[in-house]
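Colleague: I'm passing along protein30.cif; it holds mmCIF, C-alpha atoms.
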```cif
data_input
loop_
_atom_site.group_PDB
_atom_site.id
_atom_site.type_symbol
_atom_site.label_atom_id
_atom_site.label_comp_id
_atom_site.auth_asym_id
_atom_site.auth_seq_id
_atom_site.Cartn_x
_atom_site.Cartn_y
_atom_site.Cartn_z
ATOM 1 C CA MET A 1 144.177 15.918 138.787
ATOM 2 C CA ALA A 2 145.705 17.661 135.808
ATOM 3 C CA THR A 3 147.556 20.150 138.015
ATOM 4 C CA ARG A 4 149.742 17.442 139.564
ATOM 5 C CA PRO A 5 153.284 17.578 138.137
ATOM 6 C CA GLY A 6 153.778 15.078 135.320
ATOM 7 C CA SER A 7 150.122 14.075 135.131
ATOM 8 C CA ARG A 8 148.168 13.545 131.941
ATOM 9 C CA VAL A 9 144.376 13.720 132.197
ATOM 10 C CA VAL A 10 142.079 13.038 129.258
ATOM 11 C CA ALA A 11 138.645 14.597 129.869
ATOM 12 C CA VAL A 12 136.055 12.822 127.712
ATOM 13 C CA ASP A 13 132.630 14.258 126.952
ATOM 14 C CA LEU A 14 130.160 14.029 124.069
ATOM 15 C CA SER A 15 129.706 17.807 124.130
ATOM 16 C CA ARG A 16 132.322 20.025 122.508
ATOM 17 C CA ARG A 17 130.722 23.015 124.255
ATOM 18 C CA ARG A 18 131.122 21.421 127.675
ATOM 19 C CA LEU A 19 134.745 20.538 126.919
ATOM 20 C CA ALA A 20 135.412 24.122 125.806
ATOM 21 C CA ARG A 21 134.345 25.351 129.261
ATOM 22 C CA ILE A 22 137.065 23.371 131.061
ATOM 23 C CA PRO A 23 139.866 25.677 132.227
ATOM 24 C CA ALA A 24 143.124 24.958 130.428
ATOM 25 C CA ALA A 25 145.840 23.129 132.363
ATOM 26 C CA PRO A 26 149.192 21.796 131.149
ATOM 27 C CA GLY A 27 148.309 18.138 131.802
ATOM 28 C CA LEU A 28 144.679 18.317 130.601
ATOM 29 C CA HIS A 29 143.585 17.024 127.199
ATOM 30 C CA PRO A 30 139.889 17.438 126.307
ATOM 31 C CA LEU A 31 138.524 14.739 123.986
ATOM 32 C CA CYS A 32 135.094 14.732 122.369
ATOM 33 C CA ALA A 33 134.134 11.051 122.357
ATOM 34 C CA ASP A 34 131.631 8.459 123.508
ATOM 35 C CA MET A 35 132.586 6.420 126.589
ATOM 36 C CA ARG A 36 131.350 3.313 124.763
ATOM 37 C CA ARG A 37 133.876 3.829 121.928
ATOM 38 C CA LEU A 38 137.025 5.503 123.194
ATOM 39 C CA PRO A 39 139.703 6.442 120.655
ATOM 40 C CA LEU A 40 142.422 5.719 123.216
ATOM 41 C CA SER A 41 145.032 2.998 123.689
ATOM 42 C CA ARG A 42 145.860 1.067 126.854
ATOM 43 C CA ALA A 43 147.659 3.656 128.939
ATOM 44 C CA ALA A 44 145.335 4.677 131.783
ATOM 45 C CA ASP A 45 146.396 4.277 135.396
ATOM 46 C CA GLN A 46 142.966 5.476 136.532
ATOM 47 C CA VAL A 47 139.574 5.844 134.896
ATOM 48 C CA VAL A 48 136.973 8.033 136.575
ATOM 49 C CA ILE A 49 133.321 7.979 135.536
ATOM 50 C CA PRO A 50 131.973 11.075 137.323
ATOM 51 C CA TYR A 51 128.736 11.649 139.173
ATOM 52 C CA SER A 52 125.825 9.726 137.632
ATOM 53 C CA THR A 53 127.256 9.706 134.101
ATOM 54 C CA PHE A 54 127.044 5.906 134.073
ATOM 55 C CA GLN A 55 123.335 6.149 134.952
ATOM 56 C CA LEU A 56 122.657 8.074 131.747
ATOM 57 C CA LEU A 57 123.477 4.977 129.686
ATOM 58 C CA ARG A 58 120.052 3.550 128.916
ATOM 59 C CA THR A 59 120.664 -0.141 128.355
ATOM 60 C CA ALA A 60 122.631 -2.883 130.080
ATOM 61 C CA GLU A 61 124.459 -3.401 126.769
ATOM 62 C CA ASP A 62 125.541 0.251 126.698
ATOM 63 C CA ARG A 63 126.772 0.043 130.287
ATOM 64 C CA GLU A 64 128.656 -3.213 129.608
ATOM 65 C CA ARG A 65 130.225 -1.661 126.505
ATOM 66 C CA ALA A 66 131.351 1.384 128.539
ATOM 67 C CA LEU A 67 132.902 -0.899 131.171
ATOM 68 C CA ALA A 68 134.596 -2.985 128.467
ATOM 69 C CA GLU A 69 136.085 0.188 126.979
ATOM 70 C CA ALA A 70 137.303 1.333 130.380
ATOM 71 C CA VAL A 71 138.987 -2.037 130.934
ATOM 72 C CA ARG A 72 140.473 -1.976 127.418
ATOM 73 C CA ILE A 73 142.287 1.330 128.028
ATOM 74 C CA MET A 74 143.427 0.471 131.573
ATOM 75 C CA ARG A 75 146.919 -0.816 132.268
ATOM 76 C CA PRO A 76 147.138 -3.942 134.423
ATOM 77 C CA GLY A 77 146.744 -2.851 138.054
ATOM 78 C CA ALA A 78 144.908 0.357 137.072
ATOM 79 C CA THR A 79 141.809 1.482 138.978
ATOM 80 C CA LEU A 80 138.305 2.418 137.911
ATOM 81 C CA HIS A 81 136.158 4.770 140.003
ATOM 82 C CA ILE A 82 132.432 5.114 139.256
ATOM 83 C CA ASP A 83 130.323 7.688 141.110
ATOM 84 C CA VAL A 84 126.576 6.902 141.081
ATOM 85 C CA SER A 85 123.516 8.127 142.988
ATOM 86 C CA SER A 86 120.639 6.432 144.770
ATOM 87 C CA ASN A 87 118.583 9.662 144.607
ATOM 88 C CA PHE A 88 116.970 8.675 141.325
ATOM 89 C CA ASP A 89 115.636 5.452 142.893
ATOM 90 C CA LEU A 90 113.708 7.514 145.438
ATOM 91 C CA ARG A 91 112.106 10.128 143.202
ATOM 92 C CA GLU A 92 108.410 9.772 142.613
ATOM 93 C CA SER A 93 106.391 11.004 139.684
ATOM 94 C CA SER A 94 105.565 14.690 139.893
ATOM 95 C CA ASP A 95 103.788 17.285 137.812
ATOM 96 C CA TRP A 96 105.558 20.323 136.369
ATOM 97 C CA GLN A 97 107.258 22.522 138.946
ATOM 98 C CA ARG A 98 109.753 25.351 138.830
ATOM 99 C CA VAL A 99 113.047 24.212 140.341
ATOM 100 C CA LEU A 100 115.297 27.174 139.546
ATOM 101 C CA SER A 101 115.175 30.793 138.496
ATOM 102 C CA ALA A 102 118.477 32.536 137.831
ATOM 103 C CA SER A 103 120.046 35.155 135.635
ATOM 104 C CA CYS A 104 121.960 33.934 132.623
ATOM 105 C CA GLU A 105 123.209 36.932 130.671
ATOM 106 C CA GLU A 106 124.565 34.738 127.864
ATOM 107 C CA VAL A 107 121.000 33.729 127.058
ATOM 108 C CA SER A 108 118.616 36.455 128.150
ATOM 109 C CA ARG A 109 118.309 39.693 130.067
ATOM 110 C CA GLN A 110 115.355 38.155 131.874
ATOM 111 C CA PRO A 111 115.738 35.433 134.496
ATOM 112 C CA VAL A 112 115.785 31.922 133.074
ATOM 113 C CA GLU A 113 113.496 29.448 134.795
ATOM 114 C CA GLU A 114 114.042 25.707 134.904
ATOM 115 C CA TRP A 115 110.865 23.622 135.093
ATOM 116 C CA GLU A 116 110.750 19.854 135.457
ATOM 117 C CA ARG A 117 108.355 16.940 135.612
ATOM 118 C CA THR A 118 109.325 13.447 136.802
ATOM 119 C CA ARG A 119 107.909 10.197 135.459
ATOM 120 C CA SER A 120 108.889 7.226 137.599
ATOM 121 C CA HIS A 121 109.352 3.721 136.150
ATOM 122 C CA PRO A 122 110.445 0.468 137.860
ATOM 123 C CA ASP A 123 114.106 0.701 136.746
ATOM 124 C CA HIS A 124 114.534 4.339 135.717
ATOM 125 C CA ILE A 125 113.058 7.810 135.856
ATOM 126 C CA LEU A 126 112.423 10.297 133.098
ATOM 127 C CA ILE A 127 112.837 13.955 133.967
ATOM 128 C CA ASP A 128 111.325 16.324 131.425
ATOM 129 C CA LYS A 129 113.030 19.721 131.596
ATOM 130 C CA THR A 130 112.074 23.062 130.132
ATOM 131 C CA PHE A 131 114.181 26.217 130.324
ATOM 132 C CA ARG A 132 112.269 29.400 129.603
ATOM 133 C CA THR A 133 111.930 33.112 130.116
ATOM 134 C CA ASP A 134 108.687 35.057 130.344
ATOM 135 C CA GLU A 135 108.920 35.531 126.574
ATOM 136 C CA CYS A 136 109.849 32.106 125.204
ATOM 137 C CA VAL A 137 110.875 28.505 125.691
ATOM 138 C CA LEU A 138 114.643 28.244 125.279
ATOM 139 C CA LEU A 139 115.161 24.496 125.512
ATOM 140 C CA ARG A 140 113.249 21.257 126.153
ATOM 141 C CA PHE A 141 114.685 17.814 126.728
ATOM 142 C CA THR A 142 114.194 14.611 128.710
ATOM 143 C CA GLU A 143 116.803 13.031 130.964
ATOM 144 C CA HIS A 144 116.758 9.236 131.387
ATOM 145 C CA TRP A 145 118.331 8.108 134.677
ATOM 146 C CA THR A 146 118.767 4.413 135.451
ATOM 147 C CA HIS A 147 118.134 3.509 139.077
ATOM 148 C CA LEU A 148 121.178 2.461 141.076
ATOM 149 C CA ARG A 149 119.506 -0.823 142.035
ATOM 150 C CA ALA A 150 118.922 -1.609 138.334
ATOM 151 C CA LEU A 151 122.606 -1.167 137.472
ATOM 152 C CA ASN A 152 123.675 -4.308 139.353
ATOM 153 C CA LEU A 153 127.059 -2.614 139.278
ATOM 154 C CA GLU A 154 129.014 -5.056 141.430
ATOM 155 C CA ALA A 155 128.160 -7.966 139.108
ATOM 156 C CA ALA A 156 128.786 -5.815 135.997
ATOM 157 C CA LEU A 157 132.279 -4.927 137.243
ATOM 158 C CA VAL A 158 133.098 -8.596 137.794
ATOM 159 C CA ARG A 159 131.752 -9.517 134.337
ATOM 160 C CA ALA A 160 134.023 -6.817 132.877
ATOM 161 C CA GLY A 161 137.032 -8.539 134.435
ATOM 162 C CA LEU A 162 137.572 -6.127 137.323
ATOM 163 C CA THR A 163 138.011 -6.782 141.023
ATOM 164 C CA LEU A 164 135.782 -4.668 143.253
ATOM 165 C CA GLU A 165 137.935 -3.225 146.034
ATOM 166 C CA ARG A 166 135.379 -1.171 147.949
ATOM 167 C CA VAL A 167 132.270 0.964 147.767
ATOM 168 C CA ASP A 168 132.289 4.326 149.532
ATOM 169 C CA HIS A 169 128.901 5.562 150.726
ATOM 170 C CA GLY A 170 129.163 9.286 150.231
ATOM 171 C CA TYR A 171 132.242 11.406 150.688
ATOM 172 C CA GLY A 172 133.191 14.617 152.408
ATOM 173 C CA GLY A 173 132.476 13.430 155.935
ATOM 174 C CA GLY A 174 129.167 11.791 155.037
ATOM 175 C CA ALA A 175 127.765 14.963 153.467
ATOM 176 C CA SER A 176 126.460 13.011 150.460
ATOM 177 C CA PRO A 177 124.981 9.706 151.716
ATOM 178 C CA HIS A 178 123.083 9.155 148.436
ATOM 179 C CA ARG A 179 126.383 8.780 146.555
ATOM 180 C CA ARG A 180 128.082 5.438 145.951
ATOM 181 C CA ILE A 181 131.637 5.468 144.663
ATOM 182 C CA TYR A 182 132.695 2.063 143.345
ATOM 183 C CA HIS A 183 136.455 1.400 143.256
ATOM 184 C CA ALA A 184 137.612 -1.534 141.132
ATOM 185 C CA ARG A 185 140.993 -2.717 139.895
ATOM 186 C CA ARG A 186 142.135 -4.402 136.715
ATOM 187 C CA PRO A 187 144.145 -7.480 137.734
ATOM 188 C CA LEU A 188 147.874 -7.545 137.005
#
```
Can you present the structure in this file as structure tokens?

Modeller:
Amino acid sequence: MATRPGSRVVAVDLSRRRLARIPAAPGLHPLCADMRRLPLSRAADQVVIPYSTFQLLRTAEDRERALAEAVRIMRPGATLHIDVSSNFDLRESSDWQRVLSASCEEVSRQPVEEWERTRSHPDHILIDKTFRTDECVLLRFTEHWTHLRALNLEAALVRAGLTLERVDHGYGGGASPHRRIYHARRPL
């Protein structure tokens, strides 16, 4: 998006490290911020909440606050696009299993293994992750993913003052049927 002539894209993330990894482009402006409290004014023609980011917000209040912030920075007639996944709704609890082993020279000369365990709940899943080498544990954390059905996203968009235009089921010729991309518009 930032490579289009005359475009201005603000890439928001909580992680300065992740923002630092974005390749520089003339129209790209990285911003370390929380989507629930954006230090931006009303100027956006489009707001994109990328794959499953919205599902990381743990409470309905957090999700409503993020939608309110998106609406606040959108110009009248602007569009909001939210990409979510139904995959998390389908995952069952599982014991620890190795899901990846790959080289990562920035971290270790040995292969780094990713291990995970899933704990399923009625409206979310918790995925415990451990990254390790043969010698040590590098990182442990838990991801909290809200189920798509628990988001009640269509009603949340309406409560935020948006008009739902359509929901795409997957993209790329149906290659990702678990994806739902919600497209909503701020009224003029």

Colleague: Run the PyMOL selection byres ((chain A and resi 64) around 10) against the file shown and list the residues it catches, as number ranges by chain.

Modeller: A: 36, 57, 59-63, 65-70, 153, 156-157, 159-160

Colleague: Take the PyMOL selection byres ((chain A and resi 146-149) around 12), apply it to the structure above, and return the hits as a ChimeraX atom specification.

Modeller: /A:52-60,62-63,82-91,120-127,143-145,150-155,178-182

Colleague: For this file, the PyMOL selection byres ((chain A and resi 74) around 12) selects which residues, as a count of residues only?

Modeller: 32

Colleague: Give me the residues within 8 Å of A:Asp34 as a list in words, counting all atoms listed in the file and dropping any in the same chain fewer than 5 places off.

Modeller: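 Listed by chain and then number, they are Val12, Asp13 and Leu14 of chain A.
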
Colleague: Identify which of the residues A:Tyr51, A:Glu106, A:Ser101, A:Met35 lies closest to A:Gly170, counting only C-alpha atoms when measuring atom-to-atom distances.

Modeller: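 Smallest separation from A:Gly170 among the options: A:Tyr51.
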
Colleague: Please, which residues are within 7 Å of (105.7, 21.4, 135.4) by the file's coordinates, counting all atoms listed in the file, and could they come as an mmCIF file with C-alpha atoms, keeping the file's coordinate frame?

Modeller:
```cif
data_model
loop_
_atom_site.group_PDB
_atom_site.id
_atom_site.type_symbol
_atom_site.label_atom_id
_atom_site.label_comp_id
_atom_site.auth_asym_id
_atom_site.auth_seq_id
_atom_site.Cartn_x
_atom_site.Cartn_y
_atom_site.Cartn_z
ATOM 1 C CA ASP A 95 103.788 17.285 137.812
ATOM 2 C CA TRP A 96 105.558 20.323 136.369
ATOM 3 C CA GLN A 97 107.258 22.522 138.946
ATOM 4 C CA ARG A 98 109.753 25.351 138.830
ATOM 5 C CA TRP A 115 110.865 23.622 135.093
ATOM 6 C CA GLU A 116 110.750 19.854 135.457
ATOM 7 C CA ARG A 117 108.355 16.940 135.612
#
```

Colleague: Could you tell me how far atom CA of A:Arg132 lies from atom CA of A:Glu113, in Å and to one decimal?

Modeller: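 Between atom CA of A:Arg132 and atom CA of A:Glu113 the gap works out to 5.3 Å.
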
Colleague: Enter the distance from atom CA of A:Phe131 to atom CA of A:Arg119, in Å, rounded to one decimal.

Modeller: 18.0 Å

Colleague: Where's the centre, and what are the edge lengths in Å to one decimal, of a box along x, y and z enclosing all listed atoms of stretch 26-42 of chain A padded 3 Å per side, as AutoDock Vina command-line options?

Modeller:
```
--center_x 140.3 --center_y 11.4 --center_z 126.2 --size_x 23.8 --size_y 26.7 --size_z 17.1
```

Colleague: In Å to one decimal, how far is atom CA of A:Cys104 from atom CA of A:Leu139?

Modeller: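 Value for the atom CA of A:Leu139-atom CA of A:Cys104 distance: 13.6 Å.
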
Colleague: Name the residues in contact with A:Gly6 at a cut-off of 12 Å, using all atoms listed in the file, excluding same-chain residues fewer than 3 positions from it; report them as a list in words.

Modeller: Met1, Ala2, Thr3, Val9, Ala25, Pro26, Gly27 and Leu28 of chain A

Colleague: Which protein, DNA or RNA residues have an atom at most 9 Å from (115.4, 35.1, 134.7), counting all atoms listed in the file? List them as a PyMOL selection string.

Modeller: chain A and resi 101-105+108-113+132-134

Colleague: Identify which of the residues A:Thr118, A:Val107, A:Ser94, A:Arg166 lies closest to A:Cys136, counting all atoms listed in the file when measuring atom-to-atom distances.

Modeller: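 Counting all atoms listed in the file, the residue closest to A:Cys136 is A:Val107.
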
Colleague: Could you check the closest approach to A:Leu19 for each of A:Val137, A:Cys32, A:Val167, A:Asp128 and tell me which residue wins, using all atoms listed in the file?

Modeller: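 With all atoms listed in the file as the atom set, the closest residue is A:Cys32.
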